[in-house]
file target21.cif (mmCIF, C-alpha atoms)
data_input
loop_
_atom_site.label_atom_id
_atom_site.label_comp_id
_atom_site.auth_asym_id
_atom_site.auth_seq_id
_atom_site.Cartn_x
_atom_site.Cartn_y
_atom_site.Cartn_z
CA MET A 217 0.00 0.00 0.00
CA SER A 218 1.45 3.32 -0.92
CA ALA A 219 0.52 6.94 -0.54
CA ALA A 220 0.23 9.25 -3.51
CA SER A 221 3.97 9.86 -3.29
CA ASP A 222 4.57 6.08 -3.58
CA ALA A 223 5.87 5.95 0.00
CA PRO A 224 5.00 2.61 1.65
CA VAL A 225 2.64 2.42 4.58
CA PRO A 226 4.68 3.12 7.73
CA ALA A 227 5.28 -0.20 9.45
CA VAL A 228 6.13 -0.40 13.13
CA PRO A 229 9.75 -1.50 13.63
CA ASP A 230 9.84 -5.17 14.60
CA PRO A 231 11.32 -5.47 18.10
CA ARG A 232 11.70 -9.26 17.91
CA LEU A 233 15.10 -10.83 18.24
CA GLY A 234 16.86 -11.23 14.92
CA ALA A 235 17.58 -14.63 13.37
CA ASP A 236 20.48 -16.58 14.76
CA GLN A 237 23.30 -14.43 13.47
CA GLY A 238 25.92 -17.14 13.67
CA ALA A 239 23.81 -19.55 11.63
CA GLN A 240 23.00 -16.87 9.10
CA GLN A 241 26.60 -15.82 8.66
CA GLY A 242 27.77 -19.42 8.34
CA ALA A 243 25.15 -20.07 5.69
CA GLN A 244 25.58 -16.81 3.82
CA LYS A 245 27.75 -18.32 1.08
CA TYR A 246 24.90 -20.72 0.27
CA VAL A 247 21.88 -18.46 0.78
CA ASP A 248 22.34 -14.71 0.96
CA TRP A 249 19.35 -13.86 3.14
CA GLU A 250 19.91 -10.12 3.02
CA PHE A 251 20.03 -10.29 -0.77
CA ALA A 252 16.76 -12.26 -0.63
CA LYS A 253 15.19 -9.38 1.29
CA ALA A 254 16.60 -6.81 -1.13
CA THR A 255 15.37 -8.80 -4.14
CA GLY A 256 11.91 -9.18 -2.64
CA ARG A 257 11.72 -5.44 -1.99
CA ARG A 258 12.66 -4.68 -5.58
CA LEU A 259 10.13 -7.09 -7.05
CA VAL A 260 7.10 -6.67 -4.80
CA ASN A 261 4.33 -4.26 -5.74
CA PRO A 262 3.77 -1.95 -2.74
CA GLY A 263 -0.01 -2.28 -3.12
CA PRO A 264 -2.96 0.12 -3.26
CA ARG A 265 -2.24 3.83 -3.40
CA VAL A 266 -3.54 5.85 -0.49
CA SER A 267 -2.77 9.27 0.91
CA PRO A 268 -0.44 9.61 3.91
CA ASP A 269 -3.41 10.47 6.14
CA GLU A 270 -5.33 7.42 4.90
CA ALA A 271 -2.29 5.21 5.51
CA ALA A 272 -1.95 6.41 9.10
CA ALA A 273 -5.67 5.89 9.70
CA ILE A 274 -5.56 2.36 8.29
CA VAL A 275 -2.65 1.39 10.51
CA ALA A 276 -4.43 2.80 13.57
CA GLN A 277 -7.66 0.97 12.70
CA LEU A 278 -5.86 -2.34 12.26
CA ARG A 279 -4.14 -1.96 15.62
CA GLU A 280 -7.50 -1.19 17.22
CA ALA A 281 -9.10 -4.19 15.48
CA ALA A 282 -6.43 -6.49 16.92
CA VAL A 283 -7.18 -5.24 20.43
CA THR A 284 -10.96 -5.42 19.90
CA ALA A 285 -10.70 -9.04 18.72
CA ARG A 286 -9.19 -10.33 21.96
CA GLU A 287 -12.26 -10.54 24.21
CA PRO A 288 -14.69 -12.02 21.63
CA ILE A 289 -12.17 -14.67 20.58
CA ALA A 290 -11.38 -15.57 24.19
CA THR A 291 -15.12 -16.01 24.77
CA ALA A 292 -15.69 -17.99 21.56
CA THR A 293 -12.71 -20.33 22.06
CA ARG A 294 -12.87 -20.60 25.86
CA LEU A 295 -9.09 -20.31 25.80
CA GLN A 296 -7.15 -17.81 27.87
CA SER A 297 -3.81 -16.43 26.76
CA PRO A 298 -1.40 -14.40 28.92
CA PRO A 299 -2.50 -10.75 29.23
CA ASP A 300 0.98 -9.39 28.49
CA ALA A 301 1.20 -10.63 24.88
CA PRO A 302 2.84 -8.12 22.50
CA ALA A 303 0.57 -5.85 20.49
CA ALA A 304 -0.08 -6.70 16.85
CA LEU A 305 2.49 -5.49 14.37
CA VAL A 306 1.03 -3.76 11.30
CA VAL A 307 3.42 -4.24 8.39
CA ASP A 308 3.69 -3.56 4.70
CA ARG A 309 4.63 -6.27 2.21
CA ALA A 310 8.35 -5.69 2.65
CA GLY A 311 7.99 -5.96 6.43
CA TRP A 312 6.17 -9.27 6.06
CA MET A 313 8.97 -10.57 3.83
CA ASP A 314 11.67 -9.50 6.28
CA ALA A 315 10.00 -11.33 9.17
CA ASN A 316 9.42 -14.51 7.18
CA ILE A 317 12.86 -14.60 5.59
CA ASP A 318 14.37 -14.36 9.09
CA SER A 319 12.19 -17.29 10.18
CA MET A 320 13.12 -19.22 7.04
CA ALA A 321 16.83 -18.65 7.71
CA SER A 322 16.44 -20.14 11.18
CA LEU A 323 14.61 -23.21 9.88
CA VAL A 324 16.98 -23.79 6.95
CA ALA A 325 20.21 -23.42 8.94
CA PRO A 326 20.26 -27.13 10.00
CA ILE A 327 19.83 -28.17 6.36
CA ILE A 328 22.83 -26.14 5.26
CA ASP A 329 24.84 -27.52 8.15
CA LYS A 330 23.92 -31.08 7.11
CA VAL A 331 24.95 -30.53 3.50
CA THR A 332 28.19 -28.74 4.34
CA ARG A 333 29.21 -31.37 6.90
CA ALA A 334 28.62 -34.13 4.33
CA ALA A 335 30.46 -32.20 1.66
CA GLY A 336 33.44 -31.53 3.87
CA SER A 337 33.75 -34.91 5.56
CA PRO A 338 37.15 -36.48 4.86
CA GLY A 339 36.79 -39.77 3.05
CA HIS A 340 33.15 -39.17 2.13
CA PRO A 341 32.76 -40.76 -1.32
CA ALA A 342 30.97 -37.74 -2.68
CA GLY A 343 32.86 -35.18 -0.60
CA ARG A 344 34.97 -33.52 -3.27
CA GLU A 345 32.19 -33.61 -5.86
CA ALA A 346 29.68 -32.25 -3.34
CA SER A 347 32.03 -29.50 -2.26
CA ALA A 348 32.42 -28.38 -5.84
CA THR A 349 28.68 -28.56 -6.39
CA VAL A 350 27.79 -26.60 -3.27
CA SER A 351 30.48 -24.01 -3.94
CA ALA A 352 29.11 -23.49 -7.43
CA ILE A 353 25.74 -22.43 -6.06
CA SER A 354 25.97 -18.73 -5.51
CA GLY A 355 24.44 -17.39 -2.34
CA LYS A 356 23.10 -14.46 -4.30
CA VAL A 357 21.42 -16.74 -6.84
CA THR A 358 19.61 -18.71 -4.16
CA GLY A 359 18.90 -15.48 -2.32
CA ALA A 360 17.39 -13.98 -5.46
CA GLU A 361 15.22 -17.07 -5.98
CA THR A 362 14.02 -16.88 -2.38
CA GLY A 363 13.26 -13.17 -2.73
CA ALA A 364 11.27 -13.76 -5.91
CA VAL A 365 9.08 -16.41 -4.29
CA MET A 366 8.57 -14.29 -1.18
CA SER A 367 7.59 -11.26 -3.28
CA PHE A 368 4.74 -13.33 -4.76
CA LEU A 369 3.59 -14.58 -1.36
CA ALA A 370 3.85 -11.11 0.19
CA SER A 371 0.98 -9.86 -1.94
CA LYS A 372 -1.34 -12.71 -0.85
CA VAL A 373 -1.11 -12.93 2.95
CA LEU A 374 -3.60 -10.88 4.99
CA GLY A 375 -2.16 -11.71 8.39
CA GLN A 376 -0.07 -14.22 10.26
CA TYR A 377 0.94 -15.30 13.71
CA ASP A 378 4.69 -15.51 13.10
CA LEU A 379 6.10 -18.34 15.23
CA ALA A 380 9.55 -16.74 14.86
CA PRO A 381 11.73 -19.78 15.62
CA GLN A 382 14.64 -17.38 16.03
CA GLY A 383 12.99 -14.98 18.47
CA ALA A 384 9.74 -13.68 19.92
CA PRO A 385 6.46 -14.63 18.17
CA ARG A 386 4.26 -11.80 16.95
CA LEU A 387 0.86 -11.27 15.34
CA LEU A 388 1.31 -9.59 11.95
CA LEU A 389 -1.36 -7.76 9.94
CA VAL A 390 -0.37 -6.94 6.34
CA ALA A 391 -2.04 -3.59 5.72
CA PRO A 392 -1.81 -3.30 1.91
CA ASN A 393 -3.21 -6.79 1.33
CA ILE A 394 -6.12 -6.21 3.68
CA VAL A 395 -6.99 -2.93 1.96
CA GLN A 396 -6.65 -4.42 -1.51
CA THR A 397 -8.85 -7.40 -0.63
CA GLU A 398 -11.60 -5.36 1.02
CA ARG A 399 -11.72 -3.13 -2.07
CA GLU A 400 -11.86 -6.09 -4.45
CA LEU A 401 -14.64 -7.71 -2.43
CA GLY A 402 -16.58 -4.49 -1.96
CA VAL A 403 -17.13 -5.13 1.75
CA ASP A 404 -17.31 -2.81 4.73
CA PRO A 405 -13.67 -1.92 5.60
CA HIS A 406 -14.24 -1.70 9.37
CA ASP A 407 -15.96 -5.08 9.49
CA PHE A 408 -13.43 -6.76 7.20
CA ARG A 409 -10.43 -5.52 9.16
CA LEU A 410 -11.96 -6.76 12.39
CA TRP A 411 -12.85 -10.10 10.74
CA VAL A 412 -9.24 -10.62 9.63
CA ALA A 413 -8.03 -9.64 13.10
CA MET A 414 -10.36 -12.27 14.60
CA HIS A 415 -8.71 -15.00 12.52
CA GLU A 416 -5.19 -13.98 13.48
CA GLU A 417 -6.16 -13.42 17.12
CA THR A 418 -7.40 -17.02 17.19
CA HIS A 419 -3.94 -18.14 16.07
CA ARG A 420 -2.36 -15.99 18.77
CA VAL A 421 -4.60 -17.62 21.38
CA GLN A 422 -3.82 -21.10 20.08
CA PHE A 423 -0.09 -20.61 20.53
CA THR A 424 -0.15 -18.62 23.77
CA ALA A 425 -2.93 -20.42 25.65
CA VAL A 426 -1.42 -23.80 24.71
CA PRO A 427 2.19 -23.42 25.93
CA TRP A 428 3.64 -26.54 24.28
CA LEU A 429 2.12 -26.02 20.82
CA ARG A 430 4.57 -23.52 19.32
CA GLN A 431 7.70 -25.47 20.20
CA HIS A 432 6.06 -28.72 19.12
CA LEU A 433 5.29 -27.33 15.67
CA VAL A 434 8.69 -25.65 15.30
CA ASP A 435 10.48 -28.86 16.32
CA ARG A 436 8.45 -31.05 13.94
CA THR A 437 9.05 -28.62 11.08
CA ARG A 438 12.78 -28.44 11.77
CA GLU A 439 13.02 -32.23 11.94
CA LEU A 440 11.20 -32.54 8.64
CA THR A 441 13.29 -29.94 6.85
CA LEU A 442 16.45 -31.63 8.09
CA ASP A 443 15.19 -35.02 6.96
CA ILE A 444 14.16 -33.70 3.55
CA ALA A 445 17.56 -32.15 2.85
CA PRO A 446 19.41 -34.61 0.61
CA THR A 447 23.04 -35.48 1.14
CA PRO A 448 25.21 -35.00 -1.94
CA THR A 449 24.89 -38.69 -2.81
CA GLU A 450 21.11 -38.61 -2.41
CA LEU A 451 20.89 -35.47 -4.53
CA SER A 452 22.74 -36.99 -7.47
CA GLU A 453 20.54 -40.09 -7.26
CA ARG A 454 17.31 -38.08 -7.19
CA LEU A 455 17.92 -35.48 -9.90
CA GLY A 456 16.70 -37.77 -12.67
CA GLU A 457 13.60 -38.73 -10.70
CA ILE A 458 12.83 -35.08 -10.01
CA ALA A 459 13.13 -34.14 -13.68
CA ARG A 460 10.90 -37.05 -14.71
CA ARG A 461 8.16 -36.21 -12.20
CA LEU A 462 8.21 -32.42 -12.54
CA PRO A 463 4.81 -32.25 -14.33
CA GLU A 464 3.17 -33.85 -11.30
CA ALA A 465 3.80 -30.69 -9.27
CA PHE A 466 1.29 -28.82 -11.44
CA GLN A 467 -1.54 -31.37 -11.27
CA PRO A 468 -4.77 -30.69 -9.33
CA GLY A 469 -4.58 -32.08 -5.81
CA SER A 470 -0.79 -32.00 -5.77
CA GLN A 471 1.22 -30.70 -2.81
CA GLY A 472 3.20 -28.62 -5.32
CA LEU A 473 6.91 -28.96 -5.88
CA ALA A 474 7.17 -30.80 -2.55
CA GLU A 475 5.30 -33.67 -4.22
CA ILE A 476 8.35 -34.65 -6.27
CA PHE A 477 11.01 -34.02 -3.66
CA LEU A 478 9.60 -36.25 -0.92
CA THR A 479 10.03 -39.93 -0.19
CA PRO A 480 6.93 -41.84 1.00
CA GLU A 481 8.18 -41.62 4.60
CA GLN A 482 8.72 -37.89 4.30
CA ARG A 483 5.30 -37.46 2.74
CA THR A 484 3.79 -39.14 5.81
CA LYS A 485 5.53 -36.61 8.05
CA VAL A 486 4.26 -33.76 5.86
CA GLU A 487 0.73 -35.14 6.15
CA GLN A 488 1.04 -35.17 9.94
CA ILE A 489 2.13 -31.53 10.03
CA THR A 490 -0.58 -30.67 7.48
CA ALA A 491 -3.19 -32.21 9.77
CA VAL A 492 -2.10 -29.90 12.59
CA MET A 493 -2.11 -26.88 10.26
CA SER A 494 -5.60 -27.85 9.06
CA LEU A 495 -6.74 -27.92 12.67
CA LEU A 496 -5.26 -24.49 13.36
CA GLU A 497 -6.61 -22.83 10.21
CA GLY A 498 -10.02 -24.47 10.45
CA HIS A 499 -10.34 -23.52 14.11
CA ALA A 500 -9.49 -19.91 13.28
CA ASP A 501 -12.01 -19.84 10.42
CA VAL A 502 -14.79 -21.26 12.60
CA MET A 503 -14.07 -18.94 15.51
CA MET A 504 -13.88 -15.79 13.37
CA ASP A 505 -17.36 -16.59 12.08
CA GLU A 506 -18.63 -17.76 15.47
CA VAL A 507 -18.16 -14.25 16.84
CA GLY A 508 -21.15 -13.36 14.66
CA PRO A 509 -23.07 -10.25 13.64
CA SER A 510 -23.26 -8.83 17.15
CA VAL A 511 -19.61 -7.81 16.73
CA ILE A 512 -19.22 -7.89 12.92
CA PRO A 513 -22.59 -6.94 11.36
CA SER A 514 -21.70 -8.02 7.81
CA VAL A 515 -19.87 -11.24 8.71
CA ALA A 516 -22.15 -13.47 6.58
CA GLN A 517 -21.63 -11.31 3.49
CA ILE A 518 -17.87 -11.17 4.07
CA ARG A 519 -17.61 -14.96 4.42
CA GLU A 520 -19.65 -15.57 1.27
CA LYS A 521 -17.61 -13.17 -0.84
CA PHE A 522 -14.30 -14.30 0.62
CA THR A 523 -15.05 -17.98 0.00
CA HIS A 524 -16.03 -17.19 -3.59
CA ARG A 525 -12.77 -15.30 -4.02
CA ARG A 526 -10.72 -18.21 -2.71
CA ALA A 527 -12.31 -20.50 -5.27
CA GLY A 528 -12.04 -18.05 -8.14
CA VAL A 529 -8.27 -17.96 -8.71
CA SER A 530 -7.39 -18.87 -12.29
CA GLY A 531 -4.78 -18.59 -15.02
CA LEU A 532 -1.08 -18.07 -14.27
CA ASP A 533 -1.82 -17.26 -10.65
CA ARG A 534 -3.38 -20.71 -10.20
CA VAL A 535 -0.37 -22.39 -11.83
CA ILE A 536 2.02 -20.60 -9.49
CA ARG A 537 -0.13 -21.34 -6.47
CA ARG A 538 -0.28 -25.01 -7.41
CA ALA A 539 3.50 -25.21 -7.86
CA LEU A 540 4.09 -23.59 -4.46
CA GLY A 541 1.53 -25.83 -2.77
CA LEU A 542 -0.84 -22.96 -1.98
CA GLU A 543 -3.86 -24.85 -3.32
CA ALA A 544 -3.16 -27.51 -0.71
CA LYS A 545 -2.96 -24.69 1.82
CA MET A 546 -6.45 -23.54 0.83
CA ARG A 547 -7.80 -27.03 1.48
CA GLN A 548 -6.53 -26.80 5.04
CA TYR A 549 -9.15 -24.13 5.81
CA SER A 550 -12.13 -26.16 4.59
CA ASP A 551 -10.88 -29.52 5.88
CA GLY A 552 -9.98 -28.09 9.27
CA ALA A 553 -13.26 -26.18 9.62
CA ALA A 554 -15.23 -29.34 8.86
CA PHE A 555 -13.24 -31.21 11.53
CA VAL A 556 -13.83 -28.52 14.16
CA ARG A 557 -17.55 -28.31 13.45
CA GLY A 558 -17.83 -32.11 13.39
CA VAL A 559 -16.13 -32.52 16.77
CA VAL A 560 -18.08 -29.67 18.38
CA SER A 561 -21.37 -31.16 17.17
CA ARG A 562 -20.48 -34.49 18.80
CA ALA A 563 -18.55 -33.49 21.93
CA GLY A 564 -19.29 -29.80 22.48
CA LEU A 565 -16.73 -27.01 22.59
CA ASP A 566 -15.16 -28.19 25.85
CA GLY A 567 -14.87 -31.66 24.35
CA PHE A 568 -13.20 -30.18 21.28
CA ASN A 569 -10.75 -28.22 23.44
CA ALA A 570 -9.28 -31.53 24.60
CA VAL A 571 -7.40 -31.32 21.31
CA TRP A 572 -5.03 -28.89 23.03
CA SER A 573 -4.20 -31.25 25.92
CA ALA A 574 -1.01 -32.77 24.49
CA PRO A 575 0.64 -33.67 21.19
CA ASP A 576 -1.07 -37.08 21.34
CA THR A 577 -4.52 -35.48 21.23
CA LEU A 578 -3.85 -33.58 18.00
CA PRO A 579 -5.76 -35.09 15.07
CA SER A 580 -4.06 -37.54 12.74
CA PRO A 581 -4.29 -37.03 8.96
CA SER A 582 -7.12 -39.59 8.73
CA GLU A 583 -9.02 -38.02 11.64
CA ILE A 584 -9.15 -34.59 9.99
CA SER A 585 -11.66 -36.05 7.54
CA ASP A 586 -13.29 -38.25 10.20
CA PRO A 587 -14.09 -36.17 13.32
CA GLU A 588 -16.00 -39.06 14.88
CA ALA A 589 -12.84 -41.18 14.86
CA TRP A 590 -11.02 -38.47 16.82
CA VAL A 591 -13.88 -38.27 19.34
CA ARG A 592 -13.82 -42.05 19.82
CA ARG A 593 -10.03 -42.09 20.33
CA VAL A 594 -9.84 -39.13 22.69
CA HIS A 595 -13.17 -39.37 24.55
CA GLY A 596 -13.96 -43.07 24.17
CA GLY A 597 -17.38 -44.53 23.51
CA GLY A 598 -18.81 -46.50 20.62
#
call {"tool": "encode", "arguments": {"input": "target21.cif", "output": "structure tokens"}}
result
Amino acid sequence: MSAASDAPVPAVPDPRLGADQGAQQGAQKYVDWEFAKATGRRLVNPGPRVSPDEAAAIVAQLREAAVTAREPIATATRLQSPPDAPAALVVDRAGWMDANIDSMASLVAPIIDKVTRAAGSPGHPAGREASATVSAISGKVTGAETGAVMSFLASKVLGQYDLAPQGAPRLLLVAPNIVQTERELGVDPHDFRLWVAMHEETHRVQFTAVPWLRQHLVDRTRELTLDIAPTPTELSERLGEIARRLPEAFQPGSQGLAEIFLTPEQRTKVEQITAVMSLLEGHADVMMDEVGPSVIPSVAQIREKFTHRRAGVSGLDRVIRRALGLEAKMRQYSDGAAFVRGVVSRAGLDGFNAVWSAPDTLPSPSEISDPEAWVRRVHGGG
């Protein structure tokens, strides 16, 4: 979002801790994260044009919406988060990219360490070849590729609860994307901004009222990324397979490019993480609507138009989304919402909230599409 002078919406400086500097510096020759940020900033469209006064008002309204969302979501979820949680951070597209590239650097650091240790191990059969291969990959090239992908994503995300593996988590609201979407949908701006804040506030509650959840998800994601990273020998063996199966990444129902990079065992782990993400997204979708017209008068109209918009992506945008696995991401909302509603209808909201008891009570991939199976496993009965 930019003012008439093309100045971006003022984003509050992010006070979170930076990414692990040692890991970033050690990995810089393989992925230049700062160059990724610079590339993303050059490529990303700043968003809708607004005047400086309008920009300031939008930022203030989004901050207020984030505060307003807290009590209704606490009531709807029956979950209590600590009262001293940081205020929401209103960012522009560049600010969203910076935060997520820092998080990506933290998650990817173990992968780079795995590859470099294999490449540099004395006596490793592929050591010298791997070292030459890794050295040939310019950090700026991979940084530029990362920045290009992030610039695409930065124009799509309305908000996020950033788990920030490297520092302090924070609720982010992406001002230009919210404004652009509300204009495209033709909905009431006040209601839409509060509706988006409700969704992200639900995520904040999930991760703050359930103390073990954030670290559990970060740990599982790190383990998976480390497992997925091929050693030099594995990479040379899989290149032909990857080239042969590349068209599969663009097929309907595919997980995107991840489809061709994963072994069956890795795909199972991805499905387990996806089940948890479906739970989180579906729960947020249900709760943001559960708040109802007493707080958001036009919630039914917003949901109808927003759902239609989600289903209406076509052309090149759909191809890119499919390749990046974003279509699978969209299914998480509908699958997760159906699971939440199914469990609540059978066990009530308190019965559903048993899902937050421990990692073992999170739904399995099969249970996401079979809420009754989860109820039987967790609550017993026929």
call {"tool": "closest_residue", "arguments": {"input": "target21.cif", "among": "A:Pro579, A:Pro302, A:Gly552, A:Pro288", "to": "A:Pro385", "atoms": "only C-alpha atoms"}}
result
A:Pro302
call {"tool": "resolve_selection", "arguments": {"input": "target21.cif", "expression": "the PyMOL selection byres ((chain A and resi 486-489) around 8)", "output": "PyMOL selection string"}}
result
chain A and resi 433+436-437+440+482-485+490-493+580-581
call {"tool": "resolve_selection", "arguments": {"input": "target21.cif", "expression": "the PyMOL selection byres ((chain A and resi 312) around 12)", "output": "number ranges by chain"}}
result
A: 227-230, 253, 256-257, 260, 262, 305-311, 313-319, 363, 366-378, 386-393
call {"tool": "residues_around", "arguments": {"input": "target21.cif", "residues": "A:Thr397", "least_positions_apart": "5", "cutoff": "10 Å", "atoms": "only C-alpha atoms", "output": "MDAnalysis selection string"}}
result
chainID A and resid 264 372 374 392 402:403 405 408 522 525
call {"tool": "atom_distance", "arguments": {"input": "target21.cif", "atom1": "atom CA of A:Trp572", "atom2": "atom CA of A:Gly383"}}
result
23.2 Å
call {"tool": "resolve_selection", "arguments": {"input": "target21.cif", "expression": "the PyMOL selection byres ((chain A and resi 283-285) around 8)", "output": "PyMOL selection string"}}
result
chain A and resi 279-282+286-289+303+410+413-414+417
call {"tool": "atom_distance", "arguments": {"input": "target21.cif", "atom1": "atom CA of A:Ala380", "atom2": "atom CA of A:Gly263"}}
result
25.0 Å
call {"tool": "atom_distance", "arguments": {"input": "target21.cif", "atom1": "atom CA of A:Ala252", "atom2": "atom CA of A:Met320"}}
result
11.0 Å
call {"tool": "closest_residue", "arguments": {"input": "target21.cif", "among": "A:Pro268, A:Gly558, A:Pro575, A:Pro427", "to": "A:His499", "atoms": "only C-alpha atoms"}}
result
A:Gly558
call {"tool": "residues_around", "arguments": {"input": "target21.cif", "residues": "A:Thr293", "least_positions_apart": "5", "cutoff": "8 Å", "atoms": "all atoms listed in the file", "output": "list in words"}}
result
Thr418, Met503 and Leu565 of chain A
call {"tool": "closest_residue", "arguments": {"input": "target21.cif", "among": "A:Thr479, A:Asp248, A:Ser494, A:Gln396", "to": "A:Arg265", "atoms": "only C-alpha atoms"}}
result
A:Gln396
call {"tool": "closest_residue", "arguments": {"input": "target21.cif", "among": "A:Leu478, A:Val556, A:Val507, A:Ala563", "to": "A:Gly596", "atoms": "all atoms listed in the file"}}
result
A:Ala563
call {"tool": "closest_residue", "arguments": {"input": "target21.cif", "among": "A:Val412, A:Ala254, A:Ser573, A:Asp566", "to": "A:Gly359", "atoms": "only C-alpha atoms"}}
result
A:Ala254
call {"tool": "residues_around", "arguments": {"input": "target21.cif", "residues": "A:Asp551", "least_positions_apart": "5", "cutoff": "8 Å", "atoms": "only C-alpha atoms", "output": "PyMOL selection string"}}
result
chain A and resi 494+498+584-585
call {"tool": "residues_near_point", "arguments": {"input": "target21.cif", "point": "(0.6, -21.8, 26.0)", "cutoff": "12 Å", "atoms": "all atoms listed in the file", "output": "MDAnalysis selection string"}}
result
chainID A and resid 295:299 301 419:432 572:574
call {"tool": "closest_residue", "arguments": {"input": "target21.cif", "among": "A:Ile394, A:Val559, A:Leu578, A:Ala570", "to": "A:Arg294", "atoms": "all atoms listed in the file"}}
result
A:Ala570
